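For reference, run13.txt (compact mmCIF, C-alpha atoms):
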# COMPACT_ATOMS: atom_id res chain seq x y z
CA MET A 198 0.00 0.00 0.00
CA THR A 199 2.88 2.39 0.74
CA LYS A 200 4.04 1.85 -2.86
CA ASN A 201 0.59 2.83 -4.14
CA LEU A 202 0.46 5.95 -1.95
CA ALA A 203 3.95 6.96 -3.08
CA ALA A 204 2.80 6.54 -6.69
CA LEU A 205 -0.34 8.60 -5.99
CA PHE A 206 1.78 11.41 -4.55
CA CYS A 207 4.14 11.33 -7.54
CA GLY A 208 1.15 11.31 -9.92
CA ILE A 209 -0.24 14.43 -8.23
CA LEU A 210 3.13 16.19 -8.60
CA PHE A 211 3.36 15.10 -12.23
CA GLY A 212 -0.15 16.42 -12.92
CA LEU A 213 0.72 19.74 -11.26
CA GLY A 214 3.82 19.99 -13.44
CA LEU A 215 1.85 19.33 -16.60
CA THR A 216 -0.89 21.83 -15.76
CA ILE A 217 1.46 24.61 -14.54
CA SER A 218 3.65 24.23 -17.63
CA GLN A 219 0.55 24.01 -19.89
CA MET A 220 1.80 20.82 -21.52
CA ASN A 221 -1.86 19.77 -21.26
CA ASN A 222 -2.79 22.42 -23.82
CA PRO A 223 -2.49 20.89 -27.30
CA ASP A 224 -2.44 24.27 -29.03
CA LYS A 225 0.55 25.33 -26.93
CA VAL A 226 2.36 22.10 -27.80
CA LEU A 227 1.64 22.65 -31.51
CA ALA A 228 2.93 26.24 -31.19
CA PHE A 229 6.19 24.78 -29.82
CA LEU A 230 6.46 22.28 -32.69
CA ASP A 231 5.70 25.03 -35.23
CA ILE A 232 9.26 26.33 -35.47
CA SER A 233 8.74 28.13 -38.78
CA GLY A 234 5.52 29.81 -37.64
CA ASN A 235 4.78 31.90 -34.57
CA TRP A 236 7.17 29.85 -32.44
CA ASP A 237 6.46 29.45 -28.71
CA ALA A 238 9.67 28.10 -27.14
CA SER A 239 8.11 27.56 -23.68
CA LEU A 240 8.09 23.77 -23.84
CA ALA A 241 11.86 23.68 -24.27
CA PHE A 242 11.92 25.18 -20.75
CA VAL A 243 9.62 22.39 -19.52
CA MET A 244 12.06 19.79 -20.81
CA GLY A 245 15.02 21.76 -19.48
CA GLY A 246 13.49 22.06 -16.02
CA ALA A 247 12.54 18.39 -15.94
CA LEU A 248 15.93 17.16 -17.16
CA ILE A 249 18.00 19.37 -14.83
CA THR A 250 15.90 18.43 -11.79
CA LEU A 251 15.72 14.72 -12.57
CA ALA A 252 19.37 14.30 -13.60
CA THR A 253 20.56 16.12 -10.45
CA LEU A 254 18.34 14.16 -8.03
CA GLN A 255 19.03 10.86 -9.79
CA HIS A 256 22.73 11.34 -9.24
CA PHE A 257 22.06 10.96 -5.51
CA ILE A 258 19.25 8.40 -5.79
CA PHE A 259 21.36 5.88 -7.69
CA LYS A 260 24.01 6.00 -4.96
CA HIS A 261 21.58 3.96 -2.87
CA SER A 262 21.62 0.22 -3.47
CA GLN A 263 17.81 -0.01 -3.71
CA PRO A 264 14.64 2.12 -3.64
CA ILE A 265 12.77 2.74 -0.37
CA PHE A 266 9.70 0.53 -1.00
CA GLU A 267 11.08 -1.95 -3.53
CA GLU A 268 13.97 -4.42 -3.73
CA LYS A 269 15.55 -3.01 -6.87
CA PHE A 270 15.59 -0.18 -9.39
CA HIS A 271 13.66 -1.19 -12.51
CA VAL A 272 15.83 0.56 -15.06
CA PRO A 273 16.63 -0.72 -18.55
CA GLU A 274 20.26 -1.09 -19.54
CA LYS A 275 21.56 2.32 -20.65
CA ASN A 276 23.40 1.03 -23.72
CA ASN A 277 20.76 -1.30 -25.14
CA PRO A 278 20.97 -1.16 -28.96
CA ILE A 279 18.76 1.04 -31.10
CA ASP A 280 16.55 -1.12 -33.30
CA LYS A 281 13.93 -0.71 -36.03
CA ARG A 282 11.02 -1.15 -33.63
CA LEU A 283 12.21 1.78 -31.51
CA ILE A 284 12.64 4.08 -34.51
CA PHE A 285 9.40 3.06 -36.25
CA GLY A 286 7.51 3.35 -32.97
CA ALA A 287 8.94 6.82 -32.32
CA MET A 288 8.05 7.85 -35.89
CA ILE A 289 4.43 6.71 -35.50
CA PHE A 290 4.22 8.46 -32.12
CA GLY A 291 5.71 11.64 -33.60
CA LEU A 292 3.18 11.56 -36.41
CA GLY A 293 0.28 11.29 -33.98
CA TRP A 294 1.74 13.89 -31.61
CA GLY A 295 2.24 16.41 -34.42
CA LEU A 296 -1.34 16.01 -35.65
CA VAL A 297 -3.04 17.09 -32.42
CA GLY A 298 -0.46 17.98 -29.75
CA PHE A 299 -1.49 15.45 -27.10
CA CYS A 300 0.98 12.96 -25.62
CA PRO A 301 -0.13 10.26 -23.14
CA GLY A 302 0.60 12.25 -19.94
CA ALA A 303 -0.65 15.56 -21.26
CA VAL A 304 -4.04 14.21 -22.28
CA LEU A 305 -4.70 12.92 -18.75
CA ALA A 306 -3.88 16.37 -17.34
CA ALA A 307 -6.44 17.86 -19.75
CA PHE A 308 -9.32 15.97 -18.08
CA GLY A 309 -11.66 17.83 -15.81
CA ASP A 310 -12.88 20.76 -17.84
CA GLY A 311 -15.86 18.76 -19.08
CA LYS A 312 -14.78 18.84 -22.69
CA SER A 313 -15.02 15.62 -24.69
CA GLU A 314 -11.68 15.88 -26.51
CA PRO A 315 -9.49 14.22 -23.82
CA PHE A 316 -11.97 11.31 -23.52
CA ILE A 317 -12.08 10.74 -27.26
CA PHE A 318 -8.30 10.91 -27.55
CA THR A 319 -7.72 8.58 -24.58
CA LEU A 320 -10.17 5.99 -25.94
CA ALA A 321 -8.41 6.07 -29.32
CA LEU A 322 -5.05 5.82 -27.54
CA GLY A 323 -6.25 2.73 -25.64
CA ALA A 324 -7.51 1.25 -28.92
CA GLY A 325 -4.10 1.89 -30.49
CA MET A 326 -2.41 0.03 -27.63
CA MET A 327 -4.87 -2.87 -27.97
CA LEU A 328 -4.20 -2.96 -31.70
CA PHE A 329 -0.49 -3.22 -30.92
CA ASN A 330 -1.06 -6.12 -28.48
CA TRP A 331 -3.19 -7.84 -31.12
CA THR A 332 -0.55 -7.53 -33.84
CA GLU A 333 2.09 -8.84 -31.43
CA LYS A 334 -0.05 -11.88 -30.54
CA SER A 335 -0.88 -12.74 -34.12
CA LYS A 336 2.79 -12.93 -35.06
CA MET B 111 6.91 34.98 -30.39
CA ASN B 112 3.66 35.25 -28.45
CA ASN B 113 2.35 33.44 -25.35
CA PHE B 114 5.94 32.73 -24.29
CA THR B 115 5.85 31.53 -20.66
CA PRO B 116 9.39 30.48 -19.68
CA TYR B 117 8.99 30.76 -15.89
CA SER B 118 5.84 28.66 -15.49
CA ALA B 119 7.26 26.25 -18.07
CA PHE B 120 10.48 25.83 -16.09
CA LEU B 121 8.61 25.49 -12.78
CA GLY B 122 6.19 22.92 -14.24
CA GLY B 123 9.05 21.02 -15.84
CA SER B 124 10.93 20.94 -12.54
CA LEU B 125 7.86 19.45 -10.81
CA ILE B 126 7.71 16.77 -13.51
CA GLY B 127 11.40 16.04 -12.88
CA LEU B 128 10.84 15.95 -9.11
CA SER B 129 7.91 13.55 -9.56
CA ALA B 130 10.01 11.23 -11.73
CA ALA B 131 12.91 11.38 -9.25
CA LEU B 132 10.67 10.54 -6.28
CA LEU B 133 9.02 7.64 -8.13
CA MET B 134 12.50 6.22 -8.74
CA TYR B 135 13.56 6.89 -5.13
CA PHE B 136 10.43 5.33 -3.56
CA ASN B 137 9.37 2.60 -6.00
CA GLY B 138 12.37 2.19 -8.31
CA ARG B 139 10.17 2.84 -11.32
CA ILE B 140 10.48 5.01 -14.41
CA ALA B 141 7.73 7.64 -14.75
CA GLY B 142 6.76 6.67 -18.29
CA ILE B 143 3.08 7.40 -18.81
CA SER B 144 2.49 5.24 -21.89
CA GLY B 145 4.08 2.25 -20.16
CA MET B 146 1.92 2.85 -17.08
CA MET B 147 -1.21 3.03 -19.22
CA ALA B 148 -0.33 -0.25 -20.93
CA GLY B 149 0.34 -1.97 -17.61
CA ALA B 150 -2.35 -0.34 -15.48
CA PHE B 151 -5.21 -2.60 -16.41
CA ASP B 152 -3.47 -5.87 -15.70
CA PHE B 153 -5.51 -6.49 -12.53
CA LYS B 154 -4.29 -10.05 -12.02
CA ASN B 155 -0.91 -8.79 -10.96
CA CYS B 156 -1.02 -6.79 -7.70
CA GLU B 157 2.39 -5.36 -8.55
CA ASN B 158 0.64 -3.24 -11.17
CA HIS B 159 -1.71 -1.31 -8.90
CA TRP B 160 0.78 1.51 -8.32
CA ARG B 161 0.33 2.49 -11.97
CA LEU B 162 -3.40 3.14 -11.47
CA PHE B 163 -2.60 5.23 -8.40
CA PHE B 164 -0.08 7.35 -10.31
CA LEU B 165 -2.42 7.91 -13.25
CA GLY B 166 -5.32 8.52 -10.83
CA GLY B 167 -3.25 11.17 -9.01
CA LEU B 168 -2.44 12.84 -12.31
CA ILE B 169 -6.10 13.05 -13.38
CA LEU B 170 -7.18 14.09 -9.86
CA THR B 171 -4.81 17.07 -10.00
CA ALA B 172 -6.15 18.10 -13.39
CA VAL B 173 -9.73 18.00 -12.09
CA ILE B 174 -8.87 19.96 -8.91
CA VAL B 175 -6.85 22.60 -10.76
CA ASN B 176 -9.73 22.99 -13.18
CA PHE B 177 -12.17 23.37 -10.28
CA PHE B 178 -10.22 26.33 -8.86
CA ALA B 179 -9.27 27.79 -12.23
CA PRO B 180 -12.26 26.90 -14.42
CA HIS B 181 -11.19 29.08 -17.28
CA GLY B 182 -8.21 26.84 -17.88
CA ALA B 183 -6.27 27.58 -20.98
CA VAL B 184 -6.79 24.21 -22.66
CA THR B 185 -7.78 24.91 -26.24
CA TYR B 186 -8.12 22.65 -29.25
CA SER B 187 -7.74 23.52 -32.86
CA ARG B 188 -8.24 19.98 -34.12
CA SER B 189 -11.50 18.18 -34.94
CA THR B 190 -12.75 14.86 -33.51
CA TYR B 191 -11.68 13.09 -36.66
CA TRP B 192 -8.05 14.10 -36.09
CA LEU B 193 -8.25 13.29 -32.38
CA ILE B 194 -9.16 9.67 -33.16
CA ILE B 195 -6.45 9.21 -35.80
CA SER B 196 -3.85 10.86 -33.57
CA GLY B 197 -4.87 8.81 -30.51
CA LEU B 198 -4.57 5.54 -32.43
CA LEU B 199 -1.11 6.50 -33.72
CA VAL B 200 0.11 7.66 -30.30
CA GLY B 201 -1.17 4.47 -28.63
CA PHE B 202 0.35 2.13 -31.20
CA GLY B 203 3.60 4.08 -31.64
CA THR B 204 4.39 4.41 -27.94
CA ARG B 205 3.99 0.65 -27.46
CA LEU B 206 6.11 -0.23 -30.47
CA GLY B 207 8.77 2.31 -29.45
CA ASN B 208 8.56 1.52 -25.71
CA GLY B 209 7.82 5.02 -24.52
CA CYS B 210 6.61 8.55 -25.04
CA THR B 211 7.57 12.07 -24.02
CA SER B 212 7.83 11.21 -20.32
CA GLY B 213 9.58 7.84 -20.59
CA HIS B 214 12.02 8.71 -23.36
CA ALA B 215 12.37 12.53 -23.52
CA VAL B 216 12.47 13.07 -19.73
CA CYS B 217 13.41 9.88 -17.85
CA GLY B 218 15.52 8.24 -20.58
CA MET B 219 17.37 11.39 -21.59
CA ALA B 220 18.08 12.26 -17.93
CA ARG B 221 20.04 9.03 -17.58
CA LEU B 222 21.59 9.39 -21.07
CA SER B 223 20.05 6.23 -22.50
CA ILE B 224 21.06 6.05 -26.18
CA ARG B 225 17.73 4.43 -27.12
CA SER B 226 15.80 7.28 -25.48
CA ILE B 227 17.93 9.94 -27.13
CA ALA B 228 17.37 8.28 -30.54
CA ALA B 229 13.62 7.97 -29.90
CA THR B 230 13.30 11.59 -28.73
CA VAL B 231 15.20 12.99 -31.72
CA THR B 232 13.00 10.85 -34.01
CA PHE B 233 9.58 11.75 -32.61
CA MET B 234 10.48 15.42 -32.17
CA SER B 235 11.69 15.70 -35.78
CA ILE B 236 8.64 13.90 -37.16
CA ALA B 237 6.23 15.98 -35.07
CA ILE B 238 7.90 19.24 -36.20
CA LEU B 239 7.74 18.02 -39.80
CA ILE B 240 4.05 17.08 -39.48
CA VAL B 241 3.16 20.48 -38.03
CA PHE B 242 5.06 22.15 -40.87
CA ILE B 243 3.27 20.06 -43.51
CA THR B 244 -0.23 20.41 -42.03
CA ARG B 245 0.00 24.10 -41.13
CA HIS B 246 2.20 25.60 -43.79
CA LEU B 247 2.00 23.32 -46.82
CA LEU B 248 -1.58 22.09 -46.58
CA GLY B 249 -2.88 25.05 -44.62
CA ILE B 250 -4.95 22.85 -42.30
CA SER B 251 -5.76 24.63 -39.06
CA GLN B 252 -8.57 22.27 -38.08
Represent the structure contained in this file as structure tokens.
Amino acid sequence: MTKNLAALFCGILFGLGLTISQMNNPDKVLAFLDISGNWDASLAFVMGGALITLATLQHFIFKHSQPIFEEKFHVPEKNNPIDKRLIFGAMIFGLGWGLVGFCPGAVLAAFGDGKSEPFIFTLALGAGMMLFNWTEKSK
Amino acid sequence: MNNFTPYSAFLGGSLIGLSAALLMYFNGRIAGISGMMAGAFDFKNCENHWRLFFLGGLILTAVIVNFFAPHGAVTYSRSTYWLIISGLLVGFGTRLGNGCTSGHAVCGMARLSIRSIAATVTFMSIAILIVFITRHLLGISQ
């Protein structure tokens, strides 16, 4: 249960970060991706803030032999090879992201204003994941 | 450049980084949202419940923030049709590529994973290209 409460707390922080930075606003994300238009560079500061904070704290966290509520750190090997699946997957994700401006975290932080867009997007996102599982199984 | 908000962007980003750091410190897990979504509904395995709590906390915050600031700035310039196509692509692509903005561009890049750096450069470039094509070549604003 402590693990779940820790995750809940982290989720709340993550949601605050997304709403304060306006990552949950698809039009702002598109304005960031629109480098040849009326460019809004704000989201580069979101990534900068996140990377600086995380990289600094992680430096100390990984000095411990294990996490507080778990036996080990679940971290993939840093030098795993780049393969076609990774690149194709990232291309398909980039295509979808560029069309609307929602990524998986951002869409969840857009819930709550009563609009239907986040619901529709999340349902389609779930369907896309199910489609992936189905293609993997039928191999 | 209009609507440029570097301070709130940096503050929000730092909170995202803090959240990811604490999740690693407490639970030893990477704060990758697409991975959590994929794993969240595997109810047979109790180990997976933390994912629902994280995602629940994220949505809860959005709802509470919206309650106190109801004129939230979330605006959409895309139609339902595009939302469905985009959602399908994002869902499929993040599973095939093992991550999204949070897992690759934040968590992976922060620990200098070469796979995450490659994925981030790829999806960023494609997204920028798509916005250029749709907005400036095709002139689609909807």
Correct to one decimal, the distance atom CA of A:Phe242-atom CA of A:Ile217 is 12.2 Å
Taking all atoms listed in the file into account, which residues of chain A are within 6 Å of chain B, as an MDAnalysis selection string? chainID A and resid 201 204:205 207:212 214 217:218 222 224 230:231 235:237 239 242:244 246:248 250:252 258 264:267 270:271 275 279 282:283 286:293 295 301:302 305:306 309 318 321:322 325:326 329
Return the single residue from A:Ser262, A:Lys336, A:Asn221, A:Leu254 that is closest to A:Phe299, with distances computed using all atoms listed in the file. A:Asn221
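Taking atom CA of A:Ala303 and atom CA of A:Met220 as the two end points, the separation is 5.8 Å.
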Between atom CA of A:Leu296 and atom CA of B:Ile250, what is the distance in Å, rounded to a tenth? 10.2 Å
